[in-house]
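Trainee: File final-v3.tsv below, TSV, C-alpha atoms:
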```tsv
chain	number	residue	atom	x	y	z
A	1	MET	CA	3.51	-51.32	-28.37
A	2	LEU	CA	3.28	-47.57	-28.11
A	3	ASP	CA	-0.41	-47.35	-29.07
A	4	PRO	CA	-1.75	-47.99	-25.51
A	5	ILE	CA	0.62	-45.34	-24.15
A	6	PHE	CA	-0.48	-42.76	-26.72
A	7	GLU	CA	-4.13	-43.64	-26.08
A	8	TRP	CA	-3.62	-43.19	-22.34
A	9	LEU	CA	-1.88	-39.84	-22.85
A	10	GLY	CA	-4.66	-38.76	-25.18
A	11	ARG	CA	-7.34	-39.61	-22.63
A	12	MET	CA	-5.38	-37.86	-19.89
A	13	PHE	CA	-4.92	-34.62	-21.84
A	14	SER	CA	-8.54	-34.77	-22.99
A	15	ALA	CA	-9.68	-35.05	-19.37
A	16	ILE	CA	-7.40	-32.16	-18.37
A	17	GLY	CA	-8.80	-30.03	-21.21
A	18	THR	CA	-12.38	-30.85	-20.21
A	19	TRP	CA	-11.64	-29.98	-16.59
A	20	ILE	CA	-10.00	-26.67	-17.53
A	21	LYS	CA	-12.92	-25.80	-19.82
A	22	ALA	CA	-15.44	-26.58	-17.07
A	23	THR	CA	-13.49	-24.47	-14.60
A	24	ILE	CA	-13.36	-21.49	-16.96
A	25	LEU	CA	-17.10	-21.79	-17.72
A	26	ALA	CA	-17.87	-21.90	-13.99
A	27	ILE	CA	-15.79	-18.78	-13.38
A	28	ILE	CA	-17.30	-16.73	-16.20
A	29	TRP	CA	-20.87	-18.00	-15.70
A	30	PRO	CA	-21.97	-15.01	-13.56
A	31	PHE	CA	-20.70	-12.65	-16.28
A	32	THR	CA	-22.38	-14.49	-19.16
A	33	ALA	CA	-25.65	-14.86	-17.24
A	34	THR	CA	-25.67	-11.18	-16.31
A	35	TYR	CA	-24.89	-10.15	-19.88
A	36	ALA	CA	-27.71	-12.34	-21.25
A	37	PHE	CA	-30.15	-10.81	-18.76
A	38	TYR	CA	-28.91	-7.33	-19.67
A	39	LYS	CA	-29.58	-7.89	-23.38
A	40	ARG	CA	-33.15	-9.07	-22.70
A	41	SER	CA	-33.98	-6.18	-20.35
A	42	GLY	CA	-35.62	-2.86	-21.09
A	43	LEU	CA	-33.88	0.53	-21.00
A	44	LEU	CA	-34.75	1.33	-17.37
A	45	ILE	CA	-33.47	-2.02	-16.10
A	46	LYS	CA	-30.34	-1.63	-18.20
A	47	LEU	CA	-29.67	1.73	-16.55
A	48	VAL	CA	-30.22	0.28	-13.08
A	49	LEU	CA	-27.93	-2.69	-13.87
A	50	GLY	CA	-25.30	-0.32	-15.22
A	51	VAL	CA	-25.33	1.75	-12.04
A	52	LEU	CA	-24.99	-1.40	-9.92
A	53	ILE	CA	-22.56	-3.39	-12.03
A	54	ILE	CA	-20.07	-0.76	-13.25
A	55	PRO	CA	-18.68	0.07	-9.76
A	56	PHE	CA	-18.53	-3.66	-9.04
A	57	VAL	CA	-16.60	-4.38	-12.24
A	58	LEU	CA	-14.26	-1.44	-11.70
A	59	GLY	CA	-13.64	-2.62	-8.13
A	60	TYR	CA	-12.63	-6.08	-9.32
A	61	ILE	CA	-10.37	-4.62	-12.01
A	62	TRP	CA	-8.67	-2.50	-9.32
A	63	PHE	CA	-8.40	-5.58	-7.08
A	64	PHE	CA	-6.92	-7.76	-9.83
A	65	TRP	CA	-4.42	-5.03	-10.69
A	66	HIS	CA	-3.13	-4.93	-7.12
A	67	THR	CA	-2.95	-8.70	-6.72
A	68	ALA	CA	-1.28	-9.32	-10.09
A	69	TRP	CA	2.26	-8.82	-8.79
A	70	ILE	CA	4.27	-7.73	-5.74
A	71	ARG	CA	5.51	-4.16	-6.08
A	72	ASP	CA	9.14	-3.37	-5.24
A	73	TYR	CA	9.99	-7.07	-4.86
A	74	ASP	CA	13.77	-7.51	-4.70
A	75	ILE	CA	15.57	-10.53	-3.29
A	76	ASN	CA	18.61	-8.37	-2.57
A	77	TYR	CA	16.62	-5.65	-0.82
A	78	SER	CA	18.99	-5.72	2.17
A	79	ASP	CA	21.78	-4.32	-0.05
A	80	ARG	CA	20.08	-0.92	0.15
A	81	PHE	CA	21.19	-0.62	3.78
A	82	ASN	CA	24.92	-0.92	3.00
A	83	PHE	CA	25.58	-3.20	5.97
A	84	ALA	CA	29.26	-3.56	4.99
A	85	GLU	CA	29.76	0.11	5.83
A	86	ARG	CA	28.32	-0.23	9.34
A	87	LEU	CA	31.44	-0.82	11.39
A	88	LYS	CA	29.71	-0.61	14.78
A	89	GLY	CA	27.14	-2.98	16.19
A	90	ALA	CA	23.70	-1.86	17.35
A	91	GLY	CA	23.88	0.43	20.37
A	92	GLU	CA	27.68	0.45	20.36
A	93	GLN	CA	29.04	3.94	20.99
A	94	VAL	CA	30.76	5.57	18.03
A	95	ALA	CA	34.00	7.37	18.86
A	96	PRO	CA	33.55	11.16	18.48
A	97	GLU	CA	35.64	12.85	15.83
A	98	GLY	CA	35.69	16.30	17.40
A	99	GLY	CA	36.53	17.70	20.81
A	100	VAL	CA	35.05	16.98	24.19
A	101	ASN	CA	31.79	18.79	23.37
A	102	THR	CA	30.98	16.50	20.44
A	103	THR	CA	27.56	14.88	20.79
A	104	ARG	CA	27.61	11.17	21.53
A	105	THR	CA	26.34	8.82	18.84
A	106	CYS	CA	25.71	5.07	18.87
A	107	GLY	CA	25.30	2.43	16.18
A	108	ARG	CA	21.79	2.09	14.76
A	109	SER	CA	20.10	-1.31	14.72
A	110	SER	CA	20.11	-2.98	11.32
A	111	ILE	CA	17.48	-5.46	12.57
A	112	VAL	CA	15.14	-2.57	13.28
A	113	ASP	CA	15.89	-0.99	9.90
A	114	VAL	CA	15.01	-4.18	8.00
A	115	THR	CA	11.93	-4.96	10.11
A	116	ALA	CA	10.57	-1.45	9.59
A	117	ASP	CA	11.34	-1.69	5.88
A	118	LEU	CA	9.40	-4.96	5.62
A	119	LEU	CA	6.37	-3.37	7.27
A	120	ASP	CA	6.66	-0.42	4.88
A	121	PHE	CA	6.97	-2.87	1.96
A	122	ASN	CA	3.78	-4.65	3.00
A	123	VAL	CA	1.41	-1.74	3.62
A	124	ASN	CA	2.86	1.35	1.94
A	125	ARG	CA	4.60	0.13	-1.22
A	126	ASN	CA	1.94	-2.56	-1.67
A	127	LEU	CA	-1.76	-2.78	-0.93
A	128	TRP	CA	-2.36	-5.02	2.10
A	129	ILE	CA	-4.53	-7.67	0.44
A	130	SER	CA	-5.78	-9.76	3.37
A	131	SER	CA	-8.07	-7.06	4.76
A	132	ASN	CA	-9.42	-5.95	1.38
A	133	PRO	CA	-13.19	-6.60	1.19
A	134	LEU	CA	-12.99	-8.09	-2.31
A	135	TYR	CA	-10.37	-10.56	-1.11
A	136	LYS	CA	-12.47	-11.47	1.90
A	137	ALA	CA	-15.59	-11.83	-0.28
A	138	GLY	CA	-13.85	-14.44	-2.41
A	139	LEU	CA	-15.04	-15.54	-5.84
A	140	PHE	CA	-18.53	-13.99	-5.95
A	141	TRP	CA	-19.09	-14.87	-2.28
A	142	ALA	CA	-19.12	-18.57	-3.22
A	143	LEU	CA	-15.48	-19.64	-2.93
A	144	GLU	CA	-12.55	-18.30	-0.93
A	145	TRP	CA	-9.63	-17.10	-3.03
A	146	ASP	CA	-7.35	-19.40	-1.01
A	147	GLN	CA	-9.24	-22.34	-2.50
A	148	THR	CA	-8.42	-21.26	-6.04
A	149	TRP	CA	-5.24	-20.63	-8.05
A	150	PHE	CA	-6.09	-16.97	-8.49
A	151	PHE	CA	-5.40	-13.69	-6.65
A	152	ASP	CA	-4.26	-15.22	-3.35
A	153	ASN	CA	-0.51	-15.60	-3.82
A	154	LYS	CA	0.29	-12.01	-2.91
A	155	ALA	CA	-1.84	-12.17	0.23
A	156	ASN	CA	-0.07	-15.34	1.38
A	157	PHE	CA	3.35	-13.88	0.58
A	158	GLN	CA	2.53	-10.74	2.59
A	159	ARG	CA	1.33	-12.77	5.55
A	160	GLY	CA	4.58	-14.76	5.47
A	161	VAL	CA	6.61	-11.53	5.44
A	162	HIS	CA	4.54	-10.15	8.30
A	163	GLN	CA	4.94	-13.31	10.36
A	164	ALA	CA	8.72	-12.88	10.32
A	165	ALA	CA	8.54	-9.11	10.92
A	166	SER	CA	6.08	-9.61	13.78
A	167	ARG	CA	8.24	-12.25	15.46
A	168	THR	CA	11.27	-9.95	15.19
A	169	ALA	CA	9.42	-6.93	16.60
A	170	ILE	CA	8.27	-9.02	19.56
A	171	GLU	CA	11.83	-10.20	20.26
A	172	LEU	CA	13.08	-6.62	20.03
A	173	ALA	CA	10.59	-5.52	22.67
A	174	ASP	CA	10.98	-8.51	24.99
A	175	ALA	CA	14.74	-9.09	24.88
A	176	LEU	CA	16.97	-7.24	22.42
A	177	GLY	CA	15.78	-3.75	23.28
A	178	ARG	CA	16.12	-3.97	27.06
A	179	VAL	CA	18.82	-4.79	29.59
A	180	ARG	CA	18.73	-8.52	30.49
A	181	GLY	CA	14.95	-8.58	30.13
A	182	THR	CA	14.49	-7.12	33.62
A	183	SER	CA	14.46	-3.42	32.78
A	184	GLU	CA	11.38	-1.52	31.70
A	185	ILE	CA	10.27	-2.26	28.15
A	186	ASP	CA	11.18	0.47	25.66
A	187	PRO	CA	8.07	2.62	24.99
A	188	ASP	CA	8.48	2.67	21.20
A	189	LEU	CA	9.19	-1.06	21.01
A	190	LYS	CA	6.14	-1.66	23.20
A	191	VAL	CA	3.99	0.27	20.70
A	192	ALA	CA	5.52	-1.68	17.79
A	193	LYS	CA	4.94	-5.02	19.52
A	194	GLY	CA	1.29	-4.24	20.20
A	195	ASN	CA	0.56	-3.01	16.70
A	196	VAL	CA	2.22	-5.83	14.73
A	197	GLN	CA	0.05	-8.37	16.56
A	198	PHE	CA	-3.20	-6.76	15.44
A	199	ASP	CA	-5.65	-8.87	13.43
A	200	GLN	CA	-4.57	-9.08	9.78
A	201	PHE	CA	-8.06	-9.09	8.23
A	202	THR	CA	-9.72	-5.91	9.54
A	203	TRP	CA	-11.14	-3.38	7.06
A	204	TYR	CA	-13.01	-0.10	7.71
A	205	PHE	CA	-16.29	-2.04	7.74
A	206	ASN	CA	-16.18	-5.79	8.40
A	207	ILE	CA	-19.12	-7.30	6.54
A	208	PHE	CA	-17.54	-10.60	5.52
A	209	ASP	CA	-16.41	-12.02	8.87
A	210	ASP	CA	-17.44	-12.43	12.50
A	211	GLN	CA	-16.25	-9.04	13.71
A	212	PRO	CA	-18.92	-6.54	14.80
A	213	PHE	CA	-20.19	-4.45	11.92
A	214	GLY	CA	-19.33	-0.76	11.98
A	215	PRO	CA	-16.50	1.69	11.36
A	216	THR	CA	-13.13	0.69	12.76
A	217	THR	CA	-9.40	1.20	12.23
A	218	PRO	CA	-8.10	-1.05	9.42
A	219	THR	CA	-5.16	-3.41	9.71
A	220	PRO	CA	-2.67	-1.37	7.60
A	221	THR	CA	-2.97	1.59	10.01
A	222	TYR	CA	-1.78	-0.55	12.91
A	223	PHE	CA	1.15	-1.89	10.90
A	224	ARG	CA	2.11	1.65	9.83
A	225	ASN	CA	2.07	2.67	13.50
A	226	ALA	CA	4.45	-0.21	14.24
A	227	HIS	CA	6.75	0.96	11.44
A	228	ASP	CA	6.80	4.52	12.80
A	229	ALA	CA	7.50	3.30	16.35
A	230	LEU	CA	10.47	1.22	15.17
A	231	MET	CA	11.91	4.20	13.32
A	232	ARG	CA	11.54	6.39	16.43
A	233	TYR	CA	13.35	3.76	18.49
A	234	ASN	CA	16.24	3.67	16.04
A	235	GLU	CA	16.59	7.44	16.07
A	236	ARG	CA	16.76	7.37	19.86
A	237	LEU	CA	19.27	4.53	19.67
A	238	ILE	CA	21.51	6.59	17.37
A	239	ASN	CA	21.42	9.35	20.00
A	240	CYS	CA	22.30	6.80	22.71
A	241	GLU	CA	18.89	7.36	24.32
A	242	ALA	CA	17.72	3.76	23.91
A	243	THR	CA	19.14	0.31	24.61
A	244	PHE	CA	20.14	-2.58	22.35
A	245	ASP	CA	21.55	-5.43	24.40
A	246	ALA	CA	23.84	-7.30	21.97
A	247	ARG	CA	24.74	-10.18	24.28
A	248	ALA	CA	25.39	-13.77	23.22
A	249	ASP	CA	22.39	-15.15	25.13
A	250	ASN	CA	20.10	-12.60	23.43
A	251	LEU	CA	21.41	-13.64	20.02
A	252	LEU	CA	21.01	-17.30	20.98
A	253	GLN	CA	17.40	-16.75	22.06
A	254	PHE	CA	16.55	-14.77	18.93
A	255	LEU	CA	17.99	-17.43	16.60
A	256	ASP	CA	16.13	-20.09	18.56
A	257	ARG	CA	12.83	-18.23	17.96
A	258	VAL	CA	13.60	-17.89	14.24
A	259	ALA	CA	14.48	-21.57	13.95
A	260	LYS	CA	11.20	-22.56	15.59
A	261	ASP	CA	9.28	-20.16	13.35
A	262	ILE	CA	10.63	-21.55	10.09
A	263	GLY	CA	10.40	-25.04	11.57
A	264	SER	CA	6.64	-24.63	11.86
A	265	ALA	CA	6.55	-23.67	8.16
A	266	SER	CA	8.46	-26.84	7.37
A	267	ALA	CA	5.90	-28.88	9.30
A	268	VAL	CA	3.03	-27.40	7.25
A	269	ILE	CA	4.87	-28.22	4.03
A	270	LYS	CA	5.55	-31.78	5.21
A	271	GLU	CA	1.90	-32.36	6.09
A	272	ARG	CA	0.67	-31.08	2.72
A	273	SER	CA	3.30	-32.94	0.71
A	274	GLU	CA	2.54	-36.25	2.42
A	275	GLY	CA	-1.24	-35.89	2.38
A	276	TYR	CA	-1.78	-34.59	-1.17
A	277	ASN	CA	-0.13	-35.37	-4.49
A	278	SER	CA	-2.32	-33.49	-6.96
A	279	GLY	CA	0.61	-31.92	-8.76
A	280	TRP	CA	-0.38	-28.76	-10.62
A	281	PHE	CA	-4.00	-29.23	-9.52
A	282	ASP	CA	-3.41	-28.73	-5.79
A	283	THR	CA	-5.06	-25.35	-5.18
A	284	ARG	CA	-3.53	-25.01	-1.70
A	285	ALA	CA	0.07	-25.75	-2.68
A	286	ASP	CA	0.67	-22.25	-4.06
A	287	ASP	CA	-0.65	-20.66	-0.85
A	288	ILE	CA	1.68	-22.68	1.37
A	289	PHE	CA	4.60	-22.12	-1.01
A	290	MET	CA	4.09	-18.34	-1.19
A	291	ASN	CA	3.56	-18.00	2.56
A	292	SER	CA	6.82	-19.85	3.21
A	293	LYS	CA	8.60	-17.83	0.55
A	294	GLY	CA	7.41	-14.56	2.11
A	295	GLN	CA	8.59	-15.68	5.53
A	296	LEU	CA	12.03	-16.64	4.19
A	297	TYR	CA	12.22	-13.44	2.11
A	298	ALA	CA	11.86	-11.47	5.34
A	299	TYR	CA	14.24	-13.63	7.37
A	300	TYR	CA	16.90	-13.45	4.66
A	301	GLY	CA	17.15	-9.68	5.20
A	302	ILE	CA	16.71	-9.94	8.96
A	303	MET	CA	19.55	-12.47	9.26
A	304	LYS	CA	21.86	-10.20	7.28
A	305	ALA	CA	20.90	-7.38	9.64
A	306	THR	CA	21.47	-9.60	12.67
A	307	ARG	CA	24.98	-10.32	11.42
A	308	THR	CA	25.66	-6.57	11.43
A	309	ASP	CA	24.14	-5.83	14.83
A	310	PHE	CA	26.07	-8.70	16.46
A	311	GLN	CA	29.15	-8.42	14.26
A	312	TRP	CA	31.69	-8.57	17.08
A	313	MET	CA	29.98	-11.60	18.64
A	314	ILE	CA	29.79	-13.48	15.33
A	315	LYS	CA	33.45	-12.82	14.47
A	316	SER	CA	34.74	-13.67	17.93
A	317	ARG	CA	32.90	-17.02	17.91
A	318	GLY	CA	34.08	-17.91	14.39
A	319	LEU	CA	30.55	-18.10	12.97
A	320	ASP	CA	31.14	-16.41	9.61
A	321	ASP	CA	31.35	-19.60	7.53
A	322	ILE	CA	28.22	-21.25	8.92
A	323	TRP	CA	26.40	-17.91	8.72
A	324	ASP	CA	27.31	-17.72	5.02
A	325	LEU	CA	25.79	-21.17	4.49
A	326	MET	CA	22.61	-20.22	6.32
A	327	GLU	CA	22.20	-17.07	4.21
A	328	ASP	CA	22.87	-19.07	1.04
A	329	HIS	CA	20.14	-21.59	1.87
A	330	LEU	CA	17.67	-18.80	2.58
A	331	PHE	CA	18.62	-17.11	-0.69
A	332	ARG	CA	18.15	-20.32	-2.69
A	333	ALA	CA	14.72	-20.85	-1.16
A	334	VAL	CA	13.59	-17.30	-1.95
A	335	SER	CA	14.98	-17.62	-5.49
A	336	LEU	CA	12.52	-20.41	-6.32
A	337	ASP	CA	9.95	-18.94	-8.68
A	338	PRO	CA	7.87	-21.61	-10.50
A	339	PHE	CA	5.24	-20.40	-12.96
A	340	ILE	CA	2.74	-22.85	-11.44
A	341	VAL	CA	3.39	-24.37	-8.01
A	342	SER	CA	3.13	-28.14	-8.19
A	343	ASN	CA	2.73	-30.59	-5.33
A	344	GLY	CA	3.56	-33.89	-7.02
A	345	ARG	CA	4.92	-37.09	-5.59
A	346	GLU	CA	8.51	-37.00	-4.41
A	347	ASP	CA	9.31	-39.89	-6.77
A	348	GLY	CA	6.99	-38.67	-9.53
A	349	TRP	CA	8.23	-38.33	-13.12
A	350	LEU	CA	5.62	-36.01	-14.60
A	351	MET	CA	4.75	-33.35	-12.02
A	352	PRO	CA	7.47	-31.69	-9.87
A	353	THR	CA	7.17	-31.15	-6.14
A	354	HIS	CA	7.97	-27.52	-5.44
A	355	LEU	CA	6.77	-27.76	-1.83
A	356	THR	CA	9.37	-30.41	-1.04
A	357	THR	CA	12.05	-28.33	-2.74
A	358	ILE	CA	11.43	-25.20	-0.68
A	359	GLY	CA	11.01	-27.40	2.39
A	360	PHE	CA	14.50	-28.84	1.81
A	361	TYR	CA	16.08	-25.38	1.89
A	362	ILE	CA	14.06	-24.46	4.98
A	363	LEU	CA	15.40	-27.50	6.80
A	364	ARG	CA	18.96	-26.71	5.69
A	365	ALA	CA	18.67	-23.11	6.95
A	366	ARG	CA	17.12	-24.32	10.19
A	367	SER	CA	19.96	-26.82	10.62
A	368	ASN	CA	22.46	-23.97	10.22
A	369	LEU	CA	20.61	-21.91	12.83
A	370	VAL	CA	20.68	-24.81	15.28
A	371	GLU	CA	24.42	-25.24	14.68
A	372	ILE	CA	25.04	-21.52	15.29
A	373	ARG	CA	22.96	-21.76	18.43
A	374	SER	CA	25.02	-24.69	19.71
A	375	VAL	CA	28.24	-22.72	19.22
A	376	LEU	CA	26.83	-19.73	21.13
A	377	ASP	CA	25.64	-22.01	23.93
A	378	ARG	CA	29.12	-23.41	24.66
```
Just give me the structure of the file as C-alpha cells.

Mentor:
Amino acid sequence: MLDPIFEWLGRMFSAIGTWIKATILAIIWPFTATYAFYKRSGLLIKLVLGVLIIPFVLGYIWFFWHTAWIRDYDINYSDRFNFAERLKGAGEQVAPEGGVNTTRTCGRSSIVDVTADLLDFNVNRNLWISSNPLYKAGLFWALEWDQTWFFDNKANFQRGVHQAASRTAIELADALGRVRGTSEIDPDLKVAKGNVQFDQFTWYFNIFDDQPFGPTTPTPTYFRNAHDALMRYNERLINCEATFDARADNLLQFLDRVAKDIGSASAVIKERSEGYNSGWFDTRADDIFMNSKGQLYAYYGIMKATRTDFQWMIKSRGLDDIWDLMEDHLFRAVSLDPFIVSNGREDGWLMPTHLTTIGFYILRARSNLVEIRSVLDR
C-alpha cells in the first residue's frame, strides 16, 4: 500500500533535485565558460581578461558581502531611546528647575527621533542596496535580482523601512509639525519631506535605467539630508523654537495614514497568496515578505514613539490596553524569521504559507489602529 506513496515521493524529490541542479548550473555557467576560455587563451589574452574580470569579481564579492545580512538589526531598537523616562510629550514645555532666568525647554519628539534613526539605519549603518549598480544590473544583466531568491531581501526590507519613515516624515511636515495645518510649514520638516520622497534607485551614474546618463546626486545623499533636517527640527523643538501640535485630531489622522499604509501591504500579500501557491519555489514571496517586514519593523518603533509624544492624550482616552495589543501584533509580525519564505496553500500540509501568517498580524494591527481611531473620533 505504501509503495505508490514512496514512488511518488521519490519522483518528487528527484524532480526537485534536478531543478536545483539545473538552476545552479545556469547560475555558474558564465563563470565556467569564462574559466574554460581563460585556460585555452594565450598569455596576452589572459592578462587582458585578468584586468577586466578581477575588478568585476571583487565588485560582486563586495556586493554579496553587503547584501548578506542587515547590519545593526534589532527588533527592540526603540529601547535605546528610553521612552519610559520621557515624562513630557513632544513640544510640551518642561518646568524650569532654576530661577526666572532659566532657559525654557520643551519635550523633544520621539517620532522624529525614531524616524531619523530609521533613515540613519538605512543609509549610514547599512549600504543602500536599491541604487547600487550591481543590484540594478541583476544577475549578469539577464535577470533582475527580485526574480531570484538571492541578494534582494535586504533591498526589499530597506524599501519597506523607508516607506514607513517617508510616510511619517510627510505627516510631520503636513500636520504634526504645524499649528492646525494652516500655519507655515516648518522649514526643516519641509526639507525632510522633499528629500525622503526622492527616487530610491539613483546612483552617481545611471546606466541601467531610463534616467539620463551622467553624474548626479545619489539616493543616499537625499535620505541623509532628510535625517539631518529632522535632527535640526528636534533641536529647535527642545529649545521651544518649533511646533509639535499634539492634538487628538492630528493623532487620529496620523493613525489613519498608518492604517492605510499597512493595509496596502496586506492587499499585496492577499493578491500573491491567492494567485500563487508555489511554496518554497515562489521567487517573489520573499520580496513581499521582507518588504512588509521592513515596513512593520519601522512602524513598531514609530508607534512606540507616538505613544510617548501623545502620552497625555492616550492615557486620558484610556487607550493603553488596545495600544499594547497593537504593539504586540506588530512585534509578532516582525519576529517572523523563516529560513526560506514559503507561499504554500492555506490548507496545504507540506509547504507553509509565511505570507498569510505575516498578513494575519498586519490585519490584527490594522484592526487595533482602526479601533484606536474610533475612540479618538468620539

Trainee: Could you give me, as a PDB file with C-alpha atoms, in the frame of the given file, the residues that have an atom at most 7 Å away from the point (-15.3, 0.3, 9.0) in the coordinates of the file, using all atoms listed in the file?

Mentor:
```
ATOM      1  CA  TRP A 203     -11.140  -3.380   7.060  1.00  0.00           C
ATOM      2  CA  TYR A 204     -13.010  -0.100   7.710  1.00  0.00           C
ATOM      3  CA  PHE A 205     -16.290  -2.040   7.740  1.00  0.00           C
ATOM      4  CA  ASN A 206     -16.180  -5.790   8.400  1.00  0.00           C
ATOM      5  CA  GLY A 214     -19.330  -0.760  11.980  1.00  0.00           C
ATOM      6  CA  PRO A 215     -16.500   1.690  11.360  1.00  0.00           C
ATOM      7  CA  THR A 216     -13.130   0.690  12.760  1.00  0.00           C
ATOM      8  CA  THR A 217      -9.400   1.200  12.230  1.00  0.00           C
TER       9      THR A 217
END
```

Trainee: Counting only C-alpha atoms, which of A:Asn153, A:Gln295, A:Thr202, A:Ser342 gets nearest to A:Phe64?

Mentor: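 So, comparing all the options, the nearest one is A:Asn153.
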
Trainee: Which residues come within 8 Å of A:Leu296, counting only C-alpha atoms, excluding same-chain residues fewer than 5 positions away, as a list in words?

Mentor: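 The residues satisfying every condition are Gly160, Val161, Ala164, Ile262, Leu330, Ala333 and Val334 of chain A.
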
Trainee: Do you have the atom CA of A:Arg178-atom CA of A:Asn368 distance handy?

Mentor: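 Atom-to-atom, atom CA of A:Arg178 and atom CA of A:Asn368 are spaced 26.9 Å apart.
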
Trainee: If you measure from atom CA of A:Met351 to atom CA of A:Asp146, what distance in Å do you get, rounded to one decimal?

Mentor: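 A separation of 21.5 Å between them.
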
Trainee: Quick one: of A:Leu176, A:Asp337, A:Phe63, A:Gly17, who's nearest to A:Pro133, counting all atoms listed in the file?

Mentor: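 Result for the nearest residue to A:Pro133: A:Phe63.
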
Trainee: Considering all atoms listed in the file, give me a table of residues in stretch 145-259 of chain A that are at most 6 Å from stretch 104-120 of chain A, with the closest atom pair and distance in Å for each, as a tab-separated table.

Mentor:
```
residue	atom	partner	partner_atom	distance
A:Ala165	CA	A:Thr115	CA	5.4
A:His227	CA	A:Ala116	CA	4.9
A:Asn234	CA	A:Arg108	CA	5.9
A:Ile238	CA	A:Cys106	CA	4.7
A:Asn239	CA	A:Thr105	CA	5.1
A:Cys240	CA	A:Cys106	CA	5.4
```

Trainee: Go through A:Asn76, A:Ser273, A:Ser367, A:Thr32 one by one, measure the shortest atom-to-atom distance of each to A:Thr353 using only C-alpha atoms, and give the residue with the smallest value.

Mentor: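 Ranked by minimum distance to A:Thr353, first place goes to A:Ser273.
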
Trainee: Atom CA of A:Ala84 to atom CA of A:Leu237: how many Å, to one decimal?

Mentor: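 Distance reported for this atom pair: 19.5 Å.
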
Trainee: What's around A:Ile362 at 12 Å? Count only C-alpha atoms, leave out sequence neighbours fewer than 5 positions away in its own chain, and write the answer as a count of residues only.

Mentor: 36

Trainee: I'd like to know which of A:Glu274, A:Asp287, A:Asp79, A:Asp320 is closest to A:Glu346, using only C-alpha atoms.

Mentor: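 Result for the nearest residue to A:Glu346: A:Glu274.
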
Trainee: With only C-alpha atoms as the basis for distance, which of A:Asp309, A:Ala298, A:Leu319, A:Met290 is at the shortest distance from A:Leu336?

Mentor: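 Result for the nearest residue to A:Leu336: A:Met290.
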
Trainee: Enumerate, in order of chain and increasing residue number, the residues of stretch 212-280 of chain A with an atom no farther than 9 Å from stretch 187-191 of chain A, each with its shortest atom pair and distance in Å to one decimal, counting only C-alpha atoms, as CSV.

Mentor:
```
residue,atom,partner,partner_atom,distance
A:Asn225,CA,A:Val191,CA,7.8
A:Ala226,CA,A:Val191,CA,6.5
A:Asp228,CA,A:Asp188,CA,8.8
A:Ala229,CA,A:Asp188,CA,5.0
A:Leu230,CA,A:Leu189,CA,6.4
A:Met231,CA,A:Asp188,CA,8.7
A:Arg232,CA,A:Asp188,CA,6.8
A:Tyr233,CA,A:Asp188,CA,5.7
```

Trainee: Mind listing whatever residues come within 7 Å of the point (29.8, -12.2, 10.4)? Use all atoms listed in the file, file coordinates, and give them as a list in words.

Mentor: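 Protein and nucleic acid residues near the point are Arg307, Gln311, Ile314, Lys315, Leu319, Asp320 and Trp323 of chain A.
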
Trainee: Would you mind telling me which residue in A:Arg71, A:Arg257, A:Arg40, A:Arg364 lies nearest to A:Trp128 when using only C-alpha atoms?

Mentor: A:Arg71

Trainee: Neighbours of A:Leu251 within 10 Å (only C-alpha atoms; same-chain residues fewer than 2 positions away dropped), as a PyMOL selection string?

Mentor: chain A and resi 175-176+245-249+253-257+306-307+309-310+313-314+372-373+376
